[in-house]
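The structure under discussion appears below in the form of structure tokens.
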Amino acid sequence: MPAPKRFPDRDEIAAVRAGAERLAAGEEGTERRRVAGRVLGRRGHGKLVFLDLVDRSGQLQLLCAADRSGPVDVNLGDIVGATGVLARTRRGEPSLAVDELEVLARTRQPLPDHYHGLVDTETRYRRRYLDLLVNEETRRDFLIRSRMVSAIRRYLDGHGFVEVETPVLQPRYGGAFARPFVTHHNELGTDLYLRIATELYLKRLIVGGLERVYEIGKDFRNEGISYKHQPEFTMLEWYEAYADYRDTMARIEELVEVVALDVLGTTRMTFRHHEVDVKAPWRRLRLEDALAERGLWARDEADLRARLEARGVDTGADRTWAQLVDHALSHFVEPELVAPTILHDYPVELSPWARTLDDDPRTVERFEYFVCGMELGNAYTEINDAEEQAARFAGGEAEQAEDAPQGDPDYVEALSFGMPPTGGLGLGIDRLAMLFTGRETIRDVVLFPALRPTP
């Protein structure tokens, strides 16, 4: 006889367990409930069989007496549905006394040892479904991530932002320094790029009058893989008209605090063996001051190179002063930013998209924000002058860097119709999930991370 195609009107195990916990030890209630899930434990005592049933909400013991539920033809890993009444054993274990037991799906392969969990890292990433089945912490982490994304949406929706979708396949790639993935559209007869950022399309919508927009979606960069990098990753970008980077600083502090309280019930968390508190306000530090404190601020390229090499840094791959500054930041500043910190006011050479300070044309209104030495995101006061943006594009192309942003005449044309003053921000969803779950590698918070092919 084929297994049933459905098991309607079931209750989550957590709710049933909570009801059973209200009974006294040895008591059986009268309320009938229906649960379904996977059998991850079986113990037999004569004509009484105990099954441990698990769904995404939790675990519940099933009491299966042969004279009540019939023979128990169930193996570890099978998916079953059970109908019965709330009960609590004499030892106090919340349970369901089963009247009807149905096998909904059979397992054809043995599961990993549920008691010890799935510990092999490679297997956990390649067979995530098994990792989720037997490792409760893995299920917890991905539920935290899901709730985190939902809370971010609630915050932005509640503050008047409109969620939108922009093209993943783009005729030009832009919005960041990165190497793109290239594909070809046969019908159009043209190469297209998987987007490296949503920025330029979202800002077109600001020109169009939507005023506050955001997108949570996948970006793609054909680059290396590390504990904090994946070629396919999830980003939040938002753009807010009539705001600058100071407004954006305050908003990201507030968003992270609100989301942490919503998801974790606290703003305190442990990451990379540090206890940190994401409650606003965060520390704010000018980039120039951070480098000067370490004796690494110099506007002259040769001077800065000499200072780095004196500290044992290989600068052979750094072709420009901007690359030397970035090298100094990544080696000597960022690792020390443990408490939530906003690093702001960047040299214009590092930031082709941001407006300059009113009193210093060499410095732009840009910030990055860090926790425990890891960058979570990047933000600017956006350029809203078409001629200035065209000049910045031209300057980037003149550098001829392999990963330099492409110029985008269509975007420059959009700016020529007028864009209000705008603050924009990007937030790495995967990295924020690492912080919220305490995981130290991005692979632990991405359900199906990119891996090398198996031999």
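Following the order of the structure tokens, first chain is A, next is B, and so on, with residues numbered from 1 inside each chain and ligands from 1 in the order they appear.
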
Backbone DSSP call of helix (DSSP H, G or I) for segment 100-131 of chain A, listed as a VMD selection string:
chain A and resid 121 to 126 128 to 131

Resulting file, chosen residues, C-alpha atoms, as a compact mmCIF listing (two decimals), in the first residue's frame:
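Saved file out_16.txt follows:
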```
# COMPACT_ATOMS: atom_id res chain seq x y z
CA THR A 121 33.12 19.37 7.87
CA GLU A 122 33.32 18.42 4.20
CA THR A 123 30.28 16.14 4.48
CA ARG A 124 28.33 18.80 6.37
CA TYR A 125 28.80 21.29 3.51
CA ARG A 126 28.29 18.86 0.62
CA ARG A 128 23.68 19.88 4.06
CA TYR A 129 20.40 17.97 4.29
CA LEU A 130 22.11 15.43 6.56
CA ASP A 131 23.74 18.20 8.58
```

Using only C-alpha atoms, determine which residues lie at most 8 Å from Ala260 of chain A, disregarding the query and same-chain residues fewer than 6 positions distant; provide the list as number ranges by chain.
A: 148, 266-267, 278, 436

Next, dump the selected residues to file, keeping only C-alpha atoms, as a PDB file, in the first residue's frame.
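Final output, selection-v6.pdb:
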```
ATOM      1  CA  MET A 148      17.287  37.956  10.864  1.00  0.00           C
ATOM      2  CA  THR A 266      19.861  40.824  23.356  1.00  0.00           C
ATOM      3  CA  THR A 267      22.430  43.103  21.752  1.00  0.00           C
ATOM      4  CA  VAL A 278      25.988  46.023  19.030  1.00  0.00           C
ATOM      5  CA  PHE A 436      24.527  36.575  15.101  1.00  0.00           C
TER       6      PHE A 436
END
```

Spatial neighbours of Asp303 of chain A, max dist 12 Å, only C-alpha atoms, sep filter under 6 positions, as an mmCIF file with C-alpha atoms, in the first residue's frame:
```cif
data_model
loop_
_atom_site.group_PDB
_atom_site.id
_atom_site.type_symbol
_atom_site.label_atom_id
_atom_site.label_comp_id
_atom_site.auth_asym_id
_atom_site.auth_seq_id
_atom_site.Cartn_x
_atom_site.Cartn_y
_atom_site.Cartn_z
ATOM 1 C CA GLY A 295 52.540 55.846 11.901
ATOM 2 C CA LEU A 296 51.119 54.801 8.533
ATOM 3 C CA TRP A 297 49.539 57.952 7.173
ATOM 4 C CA GLU A 309 58.084 47.691 3.942
ATOM 5 C CA ALA A 310 59.846 48.734 7.140
ATOM 6 C CA TRP A 321 48.966 54.854 -3.451
ATOM 7 C CA LEU A 324 48.992 50.863 -0.368
ATOM 8 C CA VAL A 325 46.434 52.589 1.872
#
```

For Phe233 of chain A: contacts at 10 Å, only C-alpha atoms, fewer than 5 positions along chain excluded, given as an mmCIF file with N, CA and C atoms, in the first residue's frame:
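Saved to part-v2.cif:
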```cif
data_model
loop_
_atom_site.group_PDB
_atom_site.id
_atom_site.type_symbol
_atom_site.label_atom_id
_atom_site.label_comp_id
_atom_site.auth_asym_id
_atom_site.auth_seq_id
_atom_site.Cartn_x
_atom_site.Cartn_y
_atom_site.Cartn_z
ATOM 1 N N ILE A 196 27.690 42.285 -9.850
ATOM 2 C CA ILE A 196 28.577 42.316 -8.689
ATOM 3 C C ILE A 196 28.005 43.201 -7.593
ATOM 4 N N GLY A 217 19.400 40.468 -2.059
ATOM 5 C CA GLY A 217 19.533 39.516 -3.153
ATOM 6 C C GLY A 217 20.960 39.061 -3.335
ATOM 7 N N LYS A 218 21.142 38.183 -4.317
ATOM 8 C CA LYS A 218 22.443 37.596 -4.600
ATOM 9 C C LYS A 218 23.292 38.515 -5.470
ATOM 10 N N ASP A 219 24.566 38.628 -5.103
ATOM 11 C CA ASP A 219 25.591 39.209 -5.952
ATOM 12 C C ASP A 219 26.631 38.128 -6.235
ATOM 13 N N PHE A 220 27.438 38.359 -7.283
ATOM 14 C CA PHE A 220 28.366 37.328 -7.746
ATOM 15 C C PHE A 220 29.706 37.974 -8.093
ATOM 16 N N ARG A 221 30.787 37.410 -7.567
ATOM 17 C CA ARG A 221 32.116 37.928 -7.872
ATOM 18 C C ARG A 221 33.055 36.758 -8.115
ATOM 19 N N LYS A 228 35.434 34.495 4.779
ATOM 20 C CA LYS A 228 34.417 35.530 4.695
ATOM 21 C C LYS A 228 34.013 35.851 3.255
ATOM 22 N N GLY A 428 26.522 43.012 4.243
ATOM 23 C CA GLY A 428 26.680 41.595 3.930
ATOM 24 C C GLY A 428 25.813 40.742 4.839
ATOM 25 N N ILE A 429 24.759 40.170 4.276
ATOM 26 C CA ILE A 429 23.835 39.357 5.063
ATOM 27 C C ILE A 429 24.539 38.123 5.634
ATOM 28 N N ASP A 430 25.386 37.493 4.833
ATOM 29 C CA ASP A 430 26.085 36.305 5.311
ATOM 30 C C ASP A 430 26.986 36.646 6.495
ATOM 31 N N ARG A 431 27.680 37.779 6.408
ATOM 32 C CA ARG A 431 28.581 38.153 7.497
ATOM 33 C C ARG A 431 27.805 38.541 8.759
ATOM 34 N N ILE A 442 32.048 31.703 6.689
ATOM 35 C CA ILE A 442 30.830 31.984 5.948
ATOM 36 C C ILE A 442 30.149 30.699 5.482
ATOM 37 N N VAL A 446 25.881 29.674 5.028
ATOM 38 C CA VAL A 446 25.349 29.563 3.667
ATOM 39 C C VAL A 446 24.920 28.105 3.494
ATOM 40 N N PRO A 449 27.316 26.152 0.253
ATOM 41 C CA PRO A 449 28.474 26.955 -0.146
ATOM 42 C C PRO A 449 29.162 26.366 -1.377
#
```

Which value, in Å to one decimal, gives the distance between atom CA of Gly44 of chain A and atom CA of Pro94 of chain A?
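Between atom CA of Gly44 of chain A and atom CA of Pro94 of chain A the gap is 17.5 Å.
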
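In this comparison, which uses only C-alpha atoms, the residue of A:Arg154, A:Arg452, A:His159, A:Arg439 approaching Arg251 of chain A most closely is A:His159.
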
Spatial neighbours of Pro352 of chain A, 12 Å, only C-alpha atoms, chain gap at least 4 places, as an mmCIF file with C-alpha atoms, in the first residue's frame:
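Result saved to result10.cif:
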```cif
data_model
loop_
_atom_site.group_PDB
_atom_site.id
_atom_site.type_symbol
_atom_site.label_atom_id
_atom_site.label_comp_id
_atom_site.auth_asym_id
_atom_site.auth_seq_id
_atom_site.Cartn_x
_atom_site.Cartn_y
_atom_site.Cartn_z
ATOM 1 C CA GLY A 174 29.452 48.207 -11.770
ATOM 2 C CA GLY A 175 29.106 49.365 -8.196
ATOM 3 C CA ALA A 176 32.286 47.753 -6.855
ATOM 4 C CA PHE A 177 35.861 46.749 -7.621
ATOM 5 C CA ALA A 322 45.316 53.813 -2.964
ATOM 6 C CA TYR A 346 38.135 57.831 2.949
ATOM 7 C CA PRO A 347 40.570 59.189 0.356
ATOM 8 C CA VAL A 348 38.822 59.908 -2.937
ATOM 9 C CA THR A 356 33.676 64.730 -1.323
ATOM 10 C CA ARG A 362 40.626 64.783 -1.488
ATOM 11 C CA THR A 363 38.374 63.047 1.050
ATOM 12 C CA VAL A 364 34.921 61.517 0.494
ATOM 13 C CA GLU A 365 31.900 60.876 2.681
ATOM 14 C CA ARG A 366 32.294 57.127 2.902
ATOM 15 C CA TYR A 380 28.481 56.616 0.985
ATOM 16 C CA THR A 381 26.936 59.947 0.449
ATOM 17 C CA GLU A 382 26.239 59.279 -3.218
ATOM 18 C CA ILE A 383 27.457 61.365 -6.147
ATOM 19 C CA GLU A 388 31.251 64.502 -11.691
ATOM 20 C CA GLN A 389 30.189 60.867 -11.976
ATOM 21 C CA ALA A 390 31.322 60.723 -15.615
ATOM 22 C CA ALA A 391 34.698 62.119 -14.566
ATOM 23 C CA ARG A 392 35.029 59.512 -11.801
ATOM 24 C CA PHE A 393 34.206 56.731 -14.279
ATOM 25 C CA ALA A 394 36.867 58.076 -16.622
ATOM 26 C CA GLY A 395 39.407 58.199 -13.808
ATOM 27 C CA GLY A 396 38.738 54.583 -12.878
ATOM 28 C CA GLU A 397 39.104 53.409 -16.457
ATOM 29 C CA GLU A 399 43.814 53.152 -13.967
ATOM 30 C CA ALA A 404 37.906 48.557 -11.766
ATOM 31 C CA PRO A 405 34.219 49.469 -12.144
ATOM 32 C CA GLN A 406 33.100 49.932 -15.727
ATOM 33 C CA GLY A 407 31.791 53.271 -16.866
#
```

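Within 6 Å of segment 179-181 of chain A, once only C-alpha atoms are used and residues closer than 2 positions along the same chain are dropped, the contacting residues are Tyr193, Leu194, Arg221, Asn222 and Asp403 of chain A.
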